[in-house]
$ cat final_38.cif   # mmCIF, C-alpha atoms and all ligand atoms
data_input
#
loop_
_atom_site.label_atom_id
_atom_site.label_comp_id
_atom_site.auth_asym_id
_atom_site.auth_seq_id
_atom_site.Cartn_x
_atom_site.Cartn_y
_atom_site.Cartn_z
CA MET A 12 -32.29 -9.00 -62.03
CA SER A 13 -31.38 -9.66 -58.41
CA LYS A 14 -28.21 -11.51 -59.52
CA LEU A 15 -27.25 -8.44 -61.49
CA ARG A 16 -27.71 -6.18 -58.44
CA ILE A 17 -25.54 -8.38 -56.24
CA ALA A 18 -22.87 -8.50 -58.90
CA ASN A 19 -23.03 -4.74 -59.17
CA LEU A 20 -22.89 -4.23 -55.42
CA SER A 21 -20.03 -6.63 -54.80
CA PRO A 22 -17.17 -4.24 -55.64
CA HIS A 23 -18.80 -1.54 -53.44
CA LEU A 24 -19.24 -4.00 -50.64
CA SER A 25 -15.65 -5.20 -50.84
CA HIS A 26 -14.46 -1.57 -50.82
CA PHE A 27 -16.71 -0.90 -47.87
CA PHE A 28 -15.32 -3.88 -45.94
CA LEU A 29 -11.75 -2.96 -46.82
CA ALA A 30 -12.33 0.58 -45.60
CA LEU A 31 -13.99 -0.74 -42.44
CA ALA A 32 -11.07 -3.09 -41.76
CA ALA A 33 -8.58 -0.27 -42.30
CA LEU A 34 -10.55 1.96 -39.94
CA LEU A 35 -10.69 -0.75 -37.29
CA PHE A 36 -6.96 -1.37 -37.67
CA VAL A 37 -6.18 2.30 -37.21
CA LEU A 38 -8.58 2.61 -34.31
CA THR A 39 -7.24 -0.49 -32.58
CA GLY A 40 -3.66 0.64 -33.10
CA ALA A 41 -4.45 4.09 -31.75
CA HIS A 42 -6.23 2.49 -28.79
CA ALA A 43 -3.20 0.31 -27.99
CA GLN A 44 -1.03 3.39 -28.00
CA THR A 45 -3.28 5.28 -25.62
CA ARG A 46 -3.48 2.44 -23.12
CA PRO A 47 -1.55 3.41 -19.98
CA ASN A 48 1.85 1.88 -19.26
CA VAL A 49 1.70 0.10 -15.92
CA MET A 50 4.73 -1.46 -14.30
CA ILE A 51 4.13 -4.45 -12.03
CA LEU A 52 6.73 -4.77 -9.29
CA ALA A 53 6.54 -8.20 -7.68
CA THR A 54 7.71 -8.78 -4.13
CA GLY A 55 6.27 -12.23 -3.31
CA GLY A 56 3.45 -13.08 -0.92
CA THR A 57 0.47 -15.39 -1.25
CA ILE A 58 -0.47 -13.96 -4.63
CA ALA A 59 2.72 -15.69 -5.79
CA GLY A 60 2.17 -18.68 -3.52
CA THR A 61 1.56 -22.32 -4.38
CA GLY A 62 -0.16 -25.08 -2.43
CA ALA A 63 -0.05 -28.86 -2.62
CA THR A 64 -3.65 -29.13 -3.88
CA SER A 65 -6.38 -26.85 -5.22
CA THR A 66 -8.06 -26.92 -1.81
CA THR A 67 -4.93 -25.91 0.07
CA THR A 68 -5.79 -22.44 1.34
CA VAL A 69 -3.64 -22.61 4.47
CA GLY A 70 -0.25 -24.24 4.89
CA TYR A 71 0.86 -23.30 1.35
CA THR A 72 4.18 -21.72 0.43
CA ALA A 73 4.19 -17.98 -0.31
CA ALA A 74 6.48 -16.32 -2.87
CA LYS A 75 7.02 -19.10 -5.43
CA ILE A 76 5.62 -17.76 -8.73
CA GLY A 77 7.60 -15.16 -10.69
CA VAL A 78 6.21 -11.92 -12.07
CA ASP A 79 6.10 -13.22 -15.65
CA GLN A 80 3.84 -16.09 -14.59
CA LEU A 81 1.64 -13.72 -12.60
CA ILE A 82 1.15 -11.58 -15.69
CA ALA A 83 0.72 -14.55 -18.04
CA ALA A 84 -2.07 -15.88 -15.81
CA VAL A 85 -4.17 -12.78 -16.53
CA PRO A 86 -4.16 -12.11 -20.30
CA GLU A 87 -7.03 -9.67 -19.69
CA LEU A 88 -4.46 -7.21 -18.33
CA ALA A 89 -3.70 -6.28 -21.94
CA LYS A 90 -7.22 -4.86 -22.24
CA VAL A 91 -6.59 -2.20 -19.60
CA ALA A 92 -2.86 -1.43 -19.83
CA ASN A 93 0.46 -2.14 -21.44
CA VAL A 94 2.08 -4.05 -18.60
CA LYS A 95 5.68 -4.89 -17.87
CA GLY A 96 6.92 -6.82 -14.86
CA GLU A 97 9.93 -6.66 -12.60
CA GLN A 98 10.78 -9.04 -9.76
CA VAL A 99 12.03 -6.78 -6.98
CA PHE A 100 12.03 -9.40 -4.19
CA GLN A 101 10.57 -12.86 -3.76
CA ILE A 102 9.67 -13.06 -0.07
CA ALA A 103 6.80 -13.68 2.30
CA SER A 104 5.93 -10.25 3.64
CA GLU A 105 6.50 -11.09 7.30
CA SER A 106 10.18 -10.91 6.31
CA MET A 107 9.90 -7.40 4.88
CA THR A 108 12.55 -5.10 6.40
CA ASN A 109 13.36 -1.39 6.44
CA GLU A 110 16.06 -2.12 3.84
CA HIS A 111 13.51 -3.75 1.52
CA TRP A 112 11.34 -0.63 1.87
CA LEU A 113 14.20 1.69 0.99
CA THR A 114 15.06 -0.39 -2.08
CA LEU A 115 11.42 -0.54 -3.16
CA GLY A 116 10.77 3.16 -2.52
CA LYS A 117 13.80 4.20 -4.56
CA ARG A 118 12.80 1.89 -7.42
CA VAL A 119 9.24 3.25 -7.41
CA ASN A 120 10.52 6.84 -7.50
CA ALA A 121 12.94 6.06 -10.33
CA LEU A 122 10.23 4.38 -12.41
CA LEU A 123 7.63 7.08 -11.81
CA ALA A 124 10.14 9.71 -12.95
CA GLN A 125 10.09 8.05 -16.38
CA SER A 126 7.64 9.53 -18.88
CA ASP A 127 6.83 6.04 -20.20
CA VAL A 128 5.48 4.82 -16.83
CA ASP A 129 1.95 5.93 -15.94
CA GLY A 130 1.43 3.91 -12.80
CA ILE A 131 2.80 1.12 -10.64
CA VAL A 132 1.28 -2.01 -9.16
CA ILE A 133 3.13 -3.76 -6.36
CA THR A 134 2.24 -7.38 -5.68
CA HIS A 135 2.85 -8.00 -2.00
CA GLY A 136 2.19 -10.41 0.82
CA THR A 137 -0.89 -9.33 2.71
CA ASP A 138 0.62 -9.58 6.19
CA THR A 139 2.51 -6.29 5.92
CA THR A 140 0.81 -4.70 2.91
CA GLU A 141 -0.57 -1.90 5.07
CA GLU A 142 2.93 -1.07 6.34
CA THR A 143 4.64 -1.00 2.94
CA ALA A 144 1.73 1.01 1.54
CA TYR A 145 2.00 3.62 4.31
CA PHE A 146 5.79 3.82 3.97
CA LEU A 147 5.46 4.44 0.23
CA ASN A 148 2.63 6.92 0.85
CA LEU A 149 5.15 9.01 2.78
CA VAL A 150 8.19 8.71 0.49
CA VAL A 151 6.96 8.39 -3.11
CA LYS A 152 7.60 11.64 -4.95
CA SER A 153 4.99 11.45 -7.68
CA ARG A 154 1.26 11.96 -8.13
CA LYS A 155 1.08 8.94 -10.45
CA PRO A 156 -0.89 6.00 -9.04
CA VAL A 157 0.84 3.37 -6.91
CA VAL A 158 -1.39 0.42 -6.02
CA LEU A 159 -0.53 -2.45 -3.68
CA VAL A 160 -2.28 -5.74 -4.24
CA GLY A 161 -2.09 -9.31 -3.03
CA ALA A 162 -4.20 -12.35 -2.47
CA MET A 163 -5.51 -14.32 0.46
CA ARG A 164 -5.51 -17.57 -1.50
CA PRO A 165 -2.44 -18.98 -3.26
CA SER A 166 -2.32 -19.07 -7.05
CA THR A 167 -3.08 -22.81 -7.08
CA ALA A 168 -6.28 -22.58 -5.01
CA LEU A 169 -9.85 -22.96 -6.19
CA SER A 170 -11.25 -19.44 -6.63
CA ALA A 171 -7.84 -17.87 -6.17
CA ASP A 172 -8.36 -14.15 -5.64
CA GLY A 173 -4.97 -13.08 -7.03
CA PRO A 174 -5.87 -12.81 -10.75
CA ILE A 175 -8.95 -10.59 -10.30
CA ASN A 176 -7.19 -8.51 -7.65
CA LEU A 177 -4.24 -8.02 -10.02
CA TYR A 178 -6.52 -7.10 -12.92
CA ASN A 179 -8.30 -4.54 -10.74
CA ALA A 180 -5.04 -3.10 -9.42
CA VAL A 181 -3.65 -2.64 -12.93
CA ALA A 182 -6.86 -0.94 -14.04
CA ILE A 183 -6.64 1.44 -11.06
CA ALA A 184 -2.93 2.14 -11.59
CA GLY A 185 -3.65 3.06 -15.20
CA SER A 186 -6.61 5.27 -14.39
CA ARG A 187 -6.43 9.07 -14.41
CA ASP A 188 -8.98 8.99 -11.59
CA ALA A 189 -6.32 7.51 -9.30
CA VAL A 190 -3.77 10.28 -9.91
CA GLY A 191 -2.96 12.32 -6.79
CA LYS A 192 -4.86 10.03 -4.40
CA GLY A 193 -1.74 8.76 -2.61
CA VAL A 194 -0.73 5.13 -2.40
CA LEU A 195 -3.72 2.80 -2.65
CA VAL A 196 -4.47 -0.77 -1.66
CA ALA A 197 -6.78 -2.74 -3.98
CA PHE A 198 -8.48 -5.81 -2.64
CA ASN A 199 -11.73 -7.66 -3.10
CA ASP A 200 -13.16 -5.04 -5.52
CA GLN A 201 -12.46 -2.29 -2.99
CA ILE A 202 -9.93 0.55 -2.91
CA HIS A 203 -8.37 1.77 0.33
CA PHE A 204 -6.08 4.64 1.28
CA ALA A 205 -2.67 3.48 2.53
CA ARG A 206 -2.85 5.47 5.76
CA ASP A 207 -6.05 3.99 7.07
CA VAL A 208 -6.32 0.44 5.75
CA SER A 209 -5.65 -2.63 7.90
CA LYS A 210 -5.59 -6.36 7.43
CA THR A 211 -8.45 -7.48 9.65
CA ASN A 212 -8.81 -11.20 9.01
CA THR A 213 -6.30 -14.05 9.05
CA SER A 214 -7.67 -15.89 6.04
CA THR A 215 -10.78 -14.61 4.25
CA PRO A 216 -10.58 -12.80 0.87
CA ASP A 217 -12.24 -9.69 2.35
CA ALA A 218 -9.40 -9.26 4.83
CA PHE A 219 -8.66 -5.61 4.06
CA LYS A 220 -10.85 -3.00 5.67
CA THR A 221 -10.79 0.66 6.58
CA PRO A 222 -13.10 0.51 9.59
CA GLU A 223 -14.81 3.76 10.59
CA LEU A 224 -12.80 6.07 8.32
CA GLY A 225 -14.09 4.22 5.26
CA LEU A 226 -13.15 3.04 1.79
CA ALA A 227 -11.68 5.26 -0.91
CA GLY A 228 -13.92 3.55 -3.45
CA TYR A 229 -14.73 0.47 -5.47
CA ILE A 230 -13.59 -1.07 -8.71
CA GLN A 231 -16.24 -2.45 -10.99
CA GLY A 232 -16.05 -3.56 -14.62
CA GLY A 233 -12.38 -2.59 -14.81
CA LYS A 234 -13.11 1.00 -13.74
CA PRO A 235 -12.35 2.60 -10.38
CA PHE A 236 -15.04 4.65 -8.68
CA PHE A 237 -13.73 7.01 -6.00
CA TYR A 238 -15.96 8.60 -3.38
CA ARG A 239 -13.47 10.34 -1.09
CA THR A 240 -10.03 11.86 -0.88
CA THR A 241 -7.79 11.48 2.11
CA ALA A 242 -7.37 14.52 4.35
CA ARG A 243 -3.80 13.71 5.36
CA LYS A 244 -0.77 14.79 3.32
CA HIS A 245 1.04 12.18 1.27
CA THR A 246 3.55 11.54 -1.55
CA VAL A 247 4.63 14.84 -3.16
CA ASP A 248 3.35 16.83 -0.16
CA THR A 249 5.49 15.16 2.51
CA GLU A 250 8.83 16.37 3.82
CA PHE A 251 10.46 12.92 3.66
CA ASP A 252 13.13 12.04 1.14
CA ILE A 253 14.77 8.61 0.97
CA ALA A 254 17.02 9.31 -2.03
CA ASN A 255 20.16 9.37 0.11
CA LEU A 256 19.06 7.05 2.91
CA ASN A 257 20.59 3.59 3.32
CA ALA A 258 19.05 2.80 6.71
CA LEU A 259 16.26 3.98 8.98
CA PRO A 260 16.53 4.64 12.73
CA GLN A 261 15.66 1.67 14.93
CA VAL A 262 12.12 1.98 16.24
CA ASP A 263 10.40 -0.91 18.04
CA ILE A 264 6.93 -1.64 19.36
CA VAL A 265 6.10 -2.72 22.91
CA TYR A 266 2.65 -4.27 23.33
CA GLY A 267 0.37 -3.44 26.23
CA TYR A 268 -1.48 -6.14 28.18
CA ALA A 269 -2.52 -6.95 31.73
CA ASN A 270 0.54 -7.88 33.80
CA MET A 271 2.84 -6.06 31.33
CA SER A 272 6.42 -5.65 32.52
CA PRO A 273 9.22 -3.39 31.24
CA VAL A 274 11.36 -6.36 30.13
CA ALA A 275 10.73 -6.00 26.38
CA LEU A 276 11.02 -2.21 26.54
CA ASP A 277 14.34 -2.38 28.38
CA ALA A 278 15.66 -4.94 25.89
CA PHE A 279 14.78 -2.71 22.93
CA ILE A 280 16.45 0.28 24.60
CA ALA A 281 19.54 -1.79 25.35
CA ALA A 282 19.60 -2.89 21.70
CA GLY A 283 19.77 0.75 20.62
CA ALA A 284 16.17 1.74 19.88
CA LYS A 285 15.95 5.43 18.96
CA GLY A 286 12.20 5.30 19.29
CA ILE A 287 9.54 3.18 20.96
CA ILE A 288 5.91 2.82 19.99
CA HIS A 289 3.95 1.96 23.12
CA ALA A 290 0.91 0.03 21.83
CA GLY A 291 -1.01 0.59 25.01
CA VAL A 292 -4.33 -0.75 26.17
CA GLY A 293 -7.40 1.47 25.69
CA ASN A 294 -6.46 5.08 24.98
CA GLY A 295 -2.76 4.26 25.28
CA SER A 296 -2.67 3.88 29.06
CA LEU A 297 0.69 3.27 30.72
CA ALA A 298 0.93 0.42 33.23
CA ALA A 299 2.30 1.43 36.64
CA ARG A 300 5.16 -1.06 36.25
CA VAL A 301 6.13 0.26 32.79
CA LYS A 302 5.69 4.02 33.09
CA PRO A 303 8.97 4.65 35.02
CA ALA A 304 10.94 2.76 32.36
CA LEU A 305 9.34 4.81 29.59
CA ILE A 306 10.14 8.05 31.43
CA ALA A 307 13.73 6.93 31.99
CA ALA A 308 14.08 5.95 28.33
CA ARG A 309 12.86 9.38 27.19
CA LYS A 310 15.27 11.12 29.58
CA LYS A 311 18.11 9.14 27.97
CA GLY A 312 17.02 10.30 24.49
CA THR A 313 14.68 7.60 23.15
CA PHE A 314 11.48 9.04 21.64
CA ILE A 315 8.24 7.57 22.96
CA VAL A 316 5.04 7.50 20.92
CA ARG A 317 1.85 6.45 22.66
CA ALA A 318 -0.40 4.41 20.37
CA SER A 319 -3.23 2.00 21.10
CA ARG A 320 -3.73 -1.68 20.54
CA VAL A 321 -7.51 -1.07 20.20
CA GLY A 322 -7.52 -0.43 16.45
CA GLN A 323 -9.93 2.51 16.19
CA GLY A 324 -10.15 6.04 17.51
CA ILE A 325 -7.87 8.99 18.25
CA LEU A 326 -5.10 8.49 20.77
CA ALA A 327 -5.81 11.52 22.96
CA ARG A 328 -2.77 13.68 23.58
CA ASN A 329 -2.50 14.48 27.30
CA GLY A 330 -5.34 12.01 27.94
CA GLU A 331 -4.17 8.88 29.74
CA ALA A 332 -0.72 10.43 30.24
CA ASN A 333 0.59 13.97 30.44
CA ASP A 334 2.47 13.97 27.15
CA ASP A 335 3.51 17.62 27.47
CA GLU A 336 5.19 16.92 30.79
CA LEU A 337 6.67 13.54 29.79
CA ASP A 338 7.77 14.78 26.35
CA PHE A 339 5.90 11.95 24.65
CA VAL A 340 4.09 11.94 21.30
CA ALA A 341 0.49 10.81 20.67
CA ALA A 342 -0.07 8.58 17.62
CA ASP A 343 -3.40 10.14 16.64
CA THR A 344 -5.32 7.45 14.69
CA LEU A 345 -2.28 5.56 13.41
CA ASN A 346 -2.06 1.95 14.46
CA PRO A 347 1.21 0.94 16.18
CA GLN A 348 2.80 -0.61 13.08
CA LYS A 349 2.14 2.53 11.04
CA ALA A 350 3.20 4.80 13.91
CA ARG A 351 6.53 2.95 13.81
CA ILE A 352 7.00 3.92 10.17
CA LEU A 353 6.17 7.58 10.72
CA LEU A 354 8.46 7.82 13.74
CA MET A 355 11.36 6.28 11.78
CA LEU A 356 10.92 8.80 8.99
CA ALA A 357 10.35 11.66 11.43
CA LEU A 358 13.67 10.83 13.11
CA THR A 359 15.45 11.26 9.78
CA LYS A 360 14.33 14.91 9.87
CA THR A 361 14.20 16.08 13.49
CA ASN A 362 14.98 15.41 17.14
CA ASN A 363 12.27 17.73 18.38
CA THR A 364 9.24 16.16 20.03
CA ALA A 365 6.88 19.02 19.08
CA GLU A 366 7.93 18.63 15.45
CA ILE A 367 7.33 14.88 15.60
CA GLN A 368 3.89 15.50 17.10
CA ARG A 369 3.14 17.93 14.26
CA MET A 370 4.04 15.19 11.79
CA PHE A 371 1.66 12.76 13.50
CA TYR A 372 -1.15 15.29 13.00
CA THR A 373 -0.10 15.97 9.40
CA TYR A 374 0.42 12.51 7.91
C1 LIG B 1 2.61 -12.87 3.18
O1 LIG B 1 2.23 -11.84 3.74
O2 LIG B 1 3.62 -12.89 2.45
C2 LIG B 1 1.88 -14.15 3.38
C3 LIG B 1 0.43 -13.97 3.56
C4 LIG B 1 -0.26 -13.39 2.38
O3 LIG B 1 0.28 -12.89 1.43
O4 LIG B 1 -1.53 -13.43 2.43
#
$ encode --input "final_38.cif" --output "structure tokens"
Amino acid sequence: MSKLRIANLSPHLSHFFLALAALLFVLTGAHAQTRPNVMILATGGTIAGTGATSTTTVGYTAAKIGVDQLIAAVPELAKVANVKGEQVFQIASESMTNEHWLTLGKRVNALLAQSDVDGIVITHGTDTTEETAYFLNLVVKSRKPVVLVGAMRPSTALSADGPINLYNAVAIAGSRDAVGKGVLVAFNDQIHFARDVSKTNTSTPDAFKTPELGLAGYIQGGKPFFYRTTARKHTVDTEFDIANLNALPQVDIVYGYANMSPVALDAFIAAGAKGIIHAGVGNGSLAARVKPALIAARKKGTFIVRASRVGQGILARNGEANDDELDFVAADTLNPQKARILLMLALTKTNNTAEIQRMFYTY
């Protein structure tokens, strides 16, 4: 009797399993099609670095592994996006230049204009990640996600952080939740806004922080969780356009310290600096020996932005110097390296100090 039942059920069961398989096939196919298309632009850095041994976490060589190997090392990427890779540069990020930024920014804009690109991940050396991220935050003309990522340990190291950071960055770049948030930096399961993030440690995997102003969010289980938006304008809401730019104005940084002299400042001016970021002590104070050289430089046409080497807080306009009288600009909360980027872009639009100051309070 029971044999008869099984025999009778068998054709139904096989039809059922066939139908189930067909349904799964269709569902899986449909799912693959709805996965976002994320482009990975590789530029080098430690994430692409190799060391002599698995315990080599310093003294390794950055920028050795190509983008195809980076992608192949994380097959899990296919679960969160359809990824393609492009090797834009292969450098350690201390060698990043204005020209690299213009090339990268134009490539990002061209890719994001394509309907088959939903987001971009940029693998980057950590040393200047915050600078490239802020530059792109000001010149990318799209609301689609752009996420910078890197690693503090080379690809050959025990517990290399590159693969999980890359997986997280791709998941963020493919997420609708990241649309319109400006350029992001993904590191150590955390998401930061480009304007405010800094590298704060020479070697640990939690090197990226947004002290005081705070994280944008976290990434957990392949899903980003955002808790804030940034108040400052970015991407499609900026006035900067690099489409026809082949160079940026020369802007240099002079660092404040006890016993500071005007030697470096004078050398930058002599070399043609159009702008100087004065990374002053405290609230951007000007040393007695340096102030006359800054005033003279401004009178000859070089723009002076007062920033601080401290790392946190608002640089008070008309605080430690009378900026109105000296025709200087205050950097607000931008650190000196990011103030340099904004001043370069500002000088592509205006030669008016009040306008430049407005930009420092806008971006
Ligand atoms: C670099 O910035 O290219 C080297 C350091 C790093 O990526 O962590």
$ residues_near_ligand --input "final_38.cif" --ligand "ligand LIG 1 (chain B)" --cutoff "6 Å" --atoms "all atoms listed in the file" --output "NGL selection string"
:A and (56-57 or 73 or 103-105 or 136-139 or 162-163)
$ closest_residue --input "final_38.cif" --among "A:Thr211, A:Ser166, A:Thr364, A:Gln323" --to "A:Leu224" --atoms "all atoms listed in the file"
A:Gln323
$ residues_around --input "final_38.cif" --residues "A:Val316" --least-positions-apart "5" --cutoff "10 Å" --atoms "all atoms listed in the file" --output "list in words"
Ile264, Gly286, Ile287, Ile288, His289, Ala290, Gly295, Asp334, Asp338, Phe339, Val340, Ala341, Ala342, Asp343, Pro347, Ala350, Arg351, Leu354, Thr364, Ile367, Gln368 and Phe371 of chain A
$ closest_residue --input "final_38.cif" --among "A:Pro222, A:Pro273, A:Pro216, A:Gly283" --to "A:Gly322" --atoms "only C-alpha atoms"
A:Pro222
$ closest_residue --input "final_38.cif" --among "A:Ile58, A:Ile352, A:Ile102, A:Val49" --to "A:Lys155" --atoms "all atoms listed in the file"
A:Val49
$ residues_around --input "final_38.cif" --residues "A:Val265" --least-positions-apart "3" --cutoff "12 Å" --atoms "all atoms listed in the file" --output "VMD selection string"
chain A and resid 262 268 271 to 280 284 286 to 292 295 297 to 298 301 304 to 305 315 to 320 347 to 348 351
$ residues_near_point --input "final_38.cif" --point "(8.8, -19.4, -7.2)" --cutoff "9 Å" --atoms "all atoms listed in the file" --output "number ranges by chain"
A: 55, 59-61, 73-77, 101
$ closest_residue --input "final_38.cif" --among "A:Asp252, A:Ala327, A:Val69, A:Asp188" --to "A:Thr213" --atoms "all atoms listed in the file"
A:Val69
$ atom_distance --input "final_38.cif" --atom1 "atom CA of A:Ile82" --atom2 "atom CA of A:Pro235"
20.3 Å
$ residues_around --input "final_38.cif" --residues "A:Ala357" --least-positions-apart "3" --cutoff "8 Å" --atoms "all atoms listed in the file" --output "mmCIF file with C-alpha atoms, in the coordinates of the input"
data_model
loop_
_atom_site.group_PDB
_atom_site.id
_atom_site.type_symbol
_atom_site.label_atom_id
_atom_site.label_comp_id
_atom_site.auth_asym_id
_atom_site.auth_seq_id
_atom_site.Cartn_x
_atom_site.Cartn_y
_atom_site.Cartn_z
ATOM 1 C CA PHE A 251 10.460 12.920 3.660
ATOM 2 C CA LEU A 353 6.170 7.580 10.720
ATOM 3 C CA LEU A 354 8.460 7.820 13.740
ATOM 4 C CA LYS A 360 14.330 14.910 9.870
ATOM 5 C CA THR A 361 14.200 16.080 13.490
ATOM 6 C CA ILE A 367 7.330 14.880 15.600
ATOM 7 C CA MET A 370 4.040 15.190 11.790
#
$ closest_residue --input "final_38.cif" --among "A:Lys90, A:Ser296, A:Glu141, A:Ile183" --to "A:Met107" --atoms "only C-alpha atoms"
A:Glu141
$ atom_distance --input "final_38.cif" --atom1 "atom CA of A:Trp112" --atom2 "atom CA of A:Thr143"
6.8 Å
$ closest_residue --input "final_38.cif" --among "A:Leu177, A:Ala124, A:Leu326, A:Val194" --to "A:Arg243" --atoms "all atoms listed in the file"
A:Val194
$ residues_around --input "final_38.cif" --residues "A:Ala227" --least-positions-apart "4" --cutoff "7 Å" --atoms "only C-alpha atoms" --output "list in words"
Ile202, His203, Phe204, Phe237, Tyr238, Arg239 and Thr240 of chain A
$ atom_distance --input "final_38.cif" --atom1 "atom CA of A:Leu149" --atom2 "atom CA of A:Val208"
14.6 Å
$ axis_aligned_box --input "final_38.cif" --around "stretch 140-147 of chain A" --padding-each-side "8 Å" --output "AutoDock Vina command-line options"
--center_x 2.6 --center_y -0.1 --center_z 3.3 --size_x 22.4 --size_y 25.1 --size_z 22.1
$ residues_near_point --input "final_38.cif" --point "(16.4, 9.2, 5.2)" --cutoff "6 Å" --atoms "only C-alpha atoms" --output "ChimeraX atom specification"
/A:252-253,256,359
$ build_atoms --input "final_38.cif" --residues "stretch 106-112 of chain A" --atoms "all heavy atoms" --output "short mmCIF file (atom, residue, chain, number, x, y, z; two decimals), in the frame of the given file"
data_model
loop_
_atom_site.label_atom_id
_atom_site.label_comp_id
_atom_site.auth_asym_id
_atom_site.auth_seq_id
_atom_site.Cartn_x
_atom_site.Cartn_y
_atom_site.Cartn_z
N SER A 106 8.73 -11.12 6.31
CA SER A 106 10.18 -10.91 6.31
C SER A 106 10.58 -9.58 5.68
O SER A 106 11.76 -9.34 5.43
CB SER A 106 10.87 -12.07 5.57
OG SER A 106 10.58 -13.28 6.23
N MET A 107 9.61 -8.74 5.42
CA MET A 107 9.90 -7.40 4.88
C MET A 107 10.70 -6.62 5.92
O MET A 107 10.40 -6.68 7.11
CB MET A 107 8.56 -6.71 4.58
CG MET A 107 8.63 -5.53 3.67
SD MET A 107 9.24 -5.83 2.00
CE MET A 107 7.96 -6.76 1.21
N THR A 108 11.71 -5.88 5.47
CA THR A 108 12.55 -5.10 6.40
C THR A 108 12.59 -3.64 5.94
O THR A 108 12.19 -3.31 4.83
CB THR A 108 14.00 -5.63 6.41
OG1 THR A 108 14.53 -5.45 5.09
CG2 THR A 108 14.07 -7.09 6.81
N ASN A 109 13.16 -2.80 6.81
CA ASN A 109 13.36 -1.39 6.44
C ASN A 109 14.19 -1.29 5.17
O ASN A 109 13.95 -0.43 4.31
CB ASN A 109 14.09 -0.64 7.55
CG ASN A 109 13.28 -0.53 8.82
OD1 ASN A 109 12.09 -0.83 8.83
ND2 ASN A 109 13.94 -0.12 9.89
N GLU A 110 15.17 -2.17 5.02
CA GLU A 110 16.06 -2.12 3.84
C GLU A 110 15.27 -2.47 2.58
O GLU A 110 15.45 -1.84 1.54
CB GLU A 110 17.24 -3.10 4.03
CG GLU A 110 18.25 -2.66 5.08
CD GLU A 110 17.72 -2.70 6.52
OE1 GLU A 110 16.93 -3.63 6.86
OE2 GLU A 110 18.07 -1.80 7.31
N HIS A 111 14.37 -3.47 2.67
CA HIS A 111 13.51 -3.75 1.52
C HIS A 111 12.71 -2.51 1.15
O HIS A 111 12.55 -2.17 -0.02
CB HIS A 111 12.53 -4.89 1.84
CG HIS A 111 13.15 -6.25 1.91
ND1 HIS A 111 13.23 -6.99 3.06
CD2 HIS A 111 13.71 -7.03 0.95
CE1 HIS A 111 13.81 -8.15 2.82
NE2 HIS A 111 14.12 -8.20 1.55
N TRP A 112 12.18 -1.82 2.15
CA TRP A 112 11.34 -0.63 1.87
C TRP A 112 12.15 0.45 1.17
O TRP A 112 11.65 1.10 0.24
CB TRP A 112 10.76 -0.07 3.17
CG TRP A 112 9.61 -0.88 3.71
CD1 TRP A 112 8.84 -1.77 3.02
CD2 TRP A 112 9.09 -0.84 5.03
NE1 TRP A 112 7.88 -2.30 3.84
CE2 TRP A 112 8.01 -1.74 5.08
CE3 TRP A 112 9.44 -0.14 6.18
CZ2 TRP A 112 7.27 -1.95 6.24
CZ3 TRP A 112 8.70 -0.34 7.33
CH2 TRP A 112 7.62 -1.24 7.36
#
